Amino acid sequence: MVDGPWPDELDLSRPNGARVYDYLLGGAHNFQVDRDHAARLLAANPEQQVGARANRAFLRRVVEWCVERGITQFLDLGSGVPTVGNVHEIAHAHDPSIRVAYVDSDPIAVAHSAQVIAGLDTVTVTRADLTRPDVVLDADGVAGLLDLDRPVALLAIACLHFTGGDAERFMSVFRERLAPGSVLAISHGSDDVEDADHAARMRAVVESFRDTASPVTLRSRAEIRALLGDFTLAGPGIVDITEWPVPGQAPRPAATWAAVAVKG
Ligand SMILES: C[S@@+](CC[C@H](N)C(=O)[O-])C[C@H]1O[C@@H](n2cnc3c(N)ncnc32)[C@H](O)[C@@H]1O
């Protein structure tokens, strides 16, 4: 399902965040321009590959946490190119009736997701811009699958740092339209970390993405907290993704904050 209008062509002249991330995770849905960028990225921050894997591990833990608290509907924003441990696979291992709506703006992510979910009537993928919450929530693939009068887990994992400007504005619309009991889970890159060297490496990552199709905006811990609005923080609070929901376990923090909260 596709919400437009969109340019038909793929831009293969510039690296793209979805494909670079796919490459870092060992996937095959990337091009030379993305692999070259990944090499520059790893030169800027050698921790980036470990961070990508830590992010996927966080995604798994947060999906399981949501399933354990009875959530049966997921809206996965910026869902990415499918890889090992996709949201519907994690959720369906517990309950195959759980509904999952994937949303991404990248045509490769959407096309490959459509292949992976073919034949499943509990999973959809929609091509849409997550900065337009009403378009996302009213899209056939979302409104036709999820009941927004019941709790939904809204996942915004490693995607909001690809949105510049006022993320608080569009995230507030998502929050308002979710039912009580809904969960909002975010992971977000930041240079607001204690280790000054790590902060500098994160700023080098931003610099490396500057002229790509996916410029990066780091946000402070307070700015990420603001994206949760008046939802109640869950687990240990805003911690490094490696430490959610069990703090104090991280041998190598990923400079990506985890923020999970529940609508009262
Ligand atoms: C680093 S990947 C994260 C994938 C997955 N959420 C994960 O954590 O493993 C970021 C994804 O966000 C998507 N994205 C970035 N900006 C977006 C936007 N404005 N609307 C929808 N998707 C977006 C990219 O296409 C990419 O697939």
# chains A, B, ... in the order shown; residues from 1 in each chain; ligands from 1
$ residues_around --residues "stretch 80-96 of chain A" --least-positions-apart "3" --cutoff "8 Å" --atoms "only C-alpha atoms" --output "PyMOL selection string"
chain A and resi 18-19+22+25+27+29+56+59-60+63-64+67+76+99-100+104+106+108-110+112-113+116+123
$ residues_near_ligand --ligand "ligand 1" --cutoff "8 Å" --atoms "only C-alpha atoms and all ligand atoms" --output "VMD selection string"
chain A and resid 16 to 22 52 55 to 56 59 76 to 81 103 to 106 109 127 to 131 155 to 163 187 214
$ write_last_selection --atoms "C-alpha atoms" --output "CSV table (one decimal), in the first residue's frame"
chain,number,residue,atom,x,y,z
A,16,ASN,CA,20.5,6.4,2.0
A,17,GLY,CA,20.1,5.7,5.8
A,18,ALA,CA,17.8,2.6,5.3
A,19,ARG,CA,20.3,0.9,3.0
A,20,VAL,CA,23.4,1.9,5.0
A,21,TYR,CA,21.8,0.5,8.1
A,22,ASP,CA,20.9,-2.7,6.2
A,52,ALA,CA,23.1,-1.0,14.9
A,55,ASN,CA,19.4,-1.3,18.4
A,56,ARG,CA,18.0,-4.4,16.9
A,59,LEU,CA,13.8,-3.5,19.4
A,76,ASP,CA,6.3,0.4,13.4
A,77,LEU,CA,7.4,3.8,12.0
A,78,GLY,CA,10.6,3.8,9.9
A,79,SER,CA,10.5,0.0,10.0
A,80,GLY,CA,13.4,-0.3,7.6
A,81,VAL,CA,14.6,-3.0,5.3
A,103,VAL,CA,5.5,2.2,7.7
A,104,ASP,CA,8.6,3.5,5.9
A,105,SER,CA,9.3,6.2,3.3
A,106,ASP,CA,12.0,4.2,1.5
A,109,ALA,CA,12.4,-1.0,2.5
A,127,ARG,CA,4.9,3.8,2.2
A,128,ALA,CA,4.4,7.0,4.0
A,129,ASP,CA,6.3,9.9,5.7
A,130,LEU,CA,6.2,9.5,9.4
A,131,THR,CA,6.4,13.3,9.8
A,155,LEU,CA,7.6,2.1,17.6
A,156,ALA,CA,9.9,4.9,16.5
A,157,ILE,CA,13.1,3.0,16.6
A,158,ALA,CA,16.2,4.6,15.1
A,159,CYS,CA,14.2,6.7,12.7
A,160,LEU,CA,13.4,10.0,14.4
A,161,HIS,CA,17.0,11.2,14.1
A,162,PHE,CA,16.4,11.2,10.3
A,163,THR,CA,13.8,13.9,10.8
A,187,SER,CA,15.5,4.9,20.2
A,214,SER,CA,19.3,11.0,5.0
$ atom_distance --atom1 "atom CA of A:Pro253" --atom2 "atom CA of A:Ala57"
13.2 Å
$ select_by_dssp --residues "stretch 23-259 of chain A" --states "helix (DSSP H, G or I)" --output "VMD selection string"
chain A and resid 23 to 24 32 to 44 48 to 68 87 to 92 107 to 116 133 to 138 140 to 143 160 to 162 167 to 177 196 to 209 221 to 226 241 to 243
$ write_last_selection --atoms "C-alpha atoms" --output "CSV table (one decimal), in the first residue's frame"
chain,number,residue,atom,x,y,z
A,23,TYR,CA,24.6,-3.0,5.2
A,24,LEU,CA,25.7,-2.5,8.8
A,32,GLN,CA,28.0,0.5,-3.6
A,33,VAL,CA,27.2,4.1,-2.8
A,34,ASP,CA,25.8,2.9,0.6
A,35,ARG,CA,28.7,0.6,1.3
A,36,ASP,CA,31.2,3.4,0.5
A,37,HIS,CA,29.3,5.6,2.9
A,38,ALA,CA,29.3,2.9,5.6
A,39,ALA,CA,33.1,2.8,5.4
A,40,ARG,CA,33.2,6.5,6.0
A,41,LEU,CA,30.7,6.2,8.8
A,42,LEU,CA,32.7,3.5,10.5
A,43,ALA,CA,35.8,5.6,10.2
A,44,ALA,CA,33.9,8.4,11.9
A,48,GLN,CA,28.3,2.3,14.7
A,49,GLN,CA,28.0,-1.4,13.7
A,50,VAL,CA,27.8,-2.6,17.3
A,51,GLY,CA,25.3,0.2,17.8
A,52,ALA,CA,23.1,-1.0,14.9
A,53,ARG,CA,23.1,-4.5,16.4
A,54,ALA,CA,22.4,-3.2,19.9
A,55,ASN,CA,19.4,-1.3,18.4
A,56,ARG,CA,18.0,-4.4,16.9
A,57,ALA,CA,18.4,-6.2,20.2
A,58,PHE,CA,16.6,-3.3,22.0
A,59,LEU,CA,13.8,-3.5,19.4
A,60,ARG,CA,13.3,-7.2,20.2
A,61,ARG,CA,13.2,-6.6,24.0
A,62,VAL,CA,10.7,-3.8,23.7
A,63,VAL,CA,8.4,-5.8,21.4
A,64,GLU,CA,8.5,-8.7,23.9
A,65,TRP,CA,7.9,-6.3,26.8
A,66,CYS,CA,4.8,-4.9,24.9
A,67,VAL,CA,3.5,-8.4,24.1
A,68,GLU,CA,3.9,-9.4,27.8
A,87,VAL,CA,8.6,-7.0,14.6
A,88,HIS,CA,5.9,-9.4,13.3
A,89,GLU,CA,8.2,-12.4,13.7
A,90,ILE,CA,9.0,-11.5,17.3
A,91,ALA,CA,5.3,-10.8,18.1
A,92,HIS,CA,3.9,-13.9,16.2
A,107,PRO,CA,10.9,2.3,-1.6
A,108,ILE,CA,13.4,-0.5,-1.1
A,109,ALA,CA,12.4,-1.0,2.5
A,110,VAL,CA,8.7,-1.1,1.5
A,111,ALA,CA,9.1,-3.4,-1.5
A,112,HIS,CA,11.2,-5.9,0.4
A,113,SER,CA,8.8,-5.7,3.4
A,114,ALA,CA,5.9,-6.5,1.0
A,115,GLN,CA,7.7,-9.6,-0.1
A,116,VAL,CA,8.5,-10.8,3.4
A,133,PRO,CA,1.0,11.5,11.4
A,134,ASP,CA,-2.6,11.9,10.1
A,135,VAL,CA,-1.5,10.6,6.7
A,136,VAL,CA,0.1,7.6,8.4
A,137,LEU,CA,-2.8,6.9,10.7
A,138,ASP,CA,-5.4,7.3,8.0
A,140,ASP,CA,-5.4,2.0,4.4
A,141,GLY,CA,-2.6,-0.2,5.6
A,142,VAL,CA,-2.8,1.3,9.1
A,143,ALA,CA,-6.5,2.4,9.6
A,160,LEU,CA,13.4,10.0,14.4
A,161,HIS,CA,17.0,11.2,14.1
A,162,PHE,CA,16.4,11.2,10.3
A,167,ALA,CA,9.6,16.3,15.9
A,168,GLU,CA,7.6,17.2,19.0
A,169,ARG,CA,4.9,18.7,16.7
A,170,PHE,CA,4.2,15.5,14.7
A,171,MET,CA,4.8,13.2,17.7
A,172,SER,CA,2.2,15.0,19.7
A,173,VAL,CA,-0.4,14.1,17.0
A,174,PHE,CA,0.5,10.5,17.2
A,175,ARG,CA,0.2,10.6,21.0
A,176,GLU,CA,-3.1,12.3,20.9
A,177,ARG,CA,-4.7,9.8,18.5
A,196,ALA,CA,33.2,13.3,25.4
A,197,ASP,CA,35.0,11.2,22.8
A,198,HIS,CA,31.8,9.3,22.1
A,199,ALA,CA,29.9,12.6,21.7
A,200,ALA,CA,32.5,13.8,19.2
A,201,ARG,CA,32.2,10.6,17.2
A,202,MET,CA,28.4,11.0,17.1
A,203,ARG,CA,28.9,14.5,15.7
A,204,ALA,CA,31.2,13.1,13.1
A,205,VAL,CA,28.4,10.7,12.2
A,206,VAL,CA,26.1,13.7,11.6
A,207,GLU,CA,28.8,15.3,9.5
A,208,SER,CA,29.2,12.2,7.4
A,209,PHE,CA,25.4,12.1,6.6
A,221,ARG,CA,18.1,13.5,26.3
A,222,ALA,CA,15.6,16.3,27.3
A,223,GLU,CA,14.5,16.7,23.7
A,224,ILE,CA,13.9,13.0,23.5
A,225,ARG,CA,12.0,13.1,26.8
A,226,ALA,CA,9.8,15.8,25.3
A,241,ILE,CA,19.5,1.2,24.4
A,242,THR,CA,21.8,-1.5,25.8
A,243,GLU,CA,20.4,-0.9,29.3
$ select_by_dssp --residues "stretch 1-123 of chain A" --states "strand (DSSP E)" --output "PyMOL selection string"
chain A and resi 73-77+99-104+123
$ residues_around --residues "stretch 229-236 of chain A" --least-positions-apart "5" --cutoff "6 Å" --atoms "only C-alpha atoms" --output "PyMOL selection string"
chain A and resi 245+260-263
$ closest_residue --among "A:Leu154, A:Leu148, A:Val125, A:Leu10" --to "A:Leu75" --atoms "only C-alpha atoms"
A:Leu154
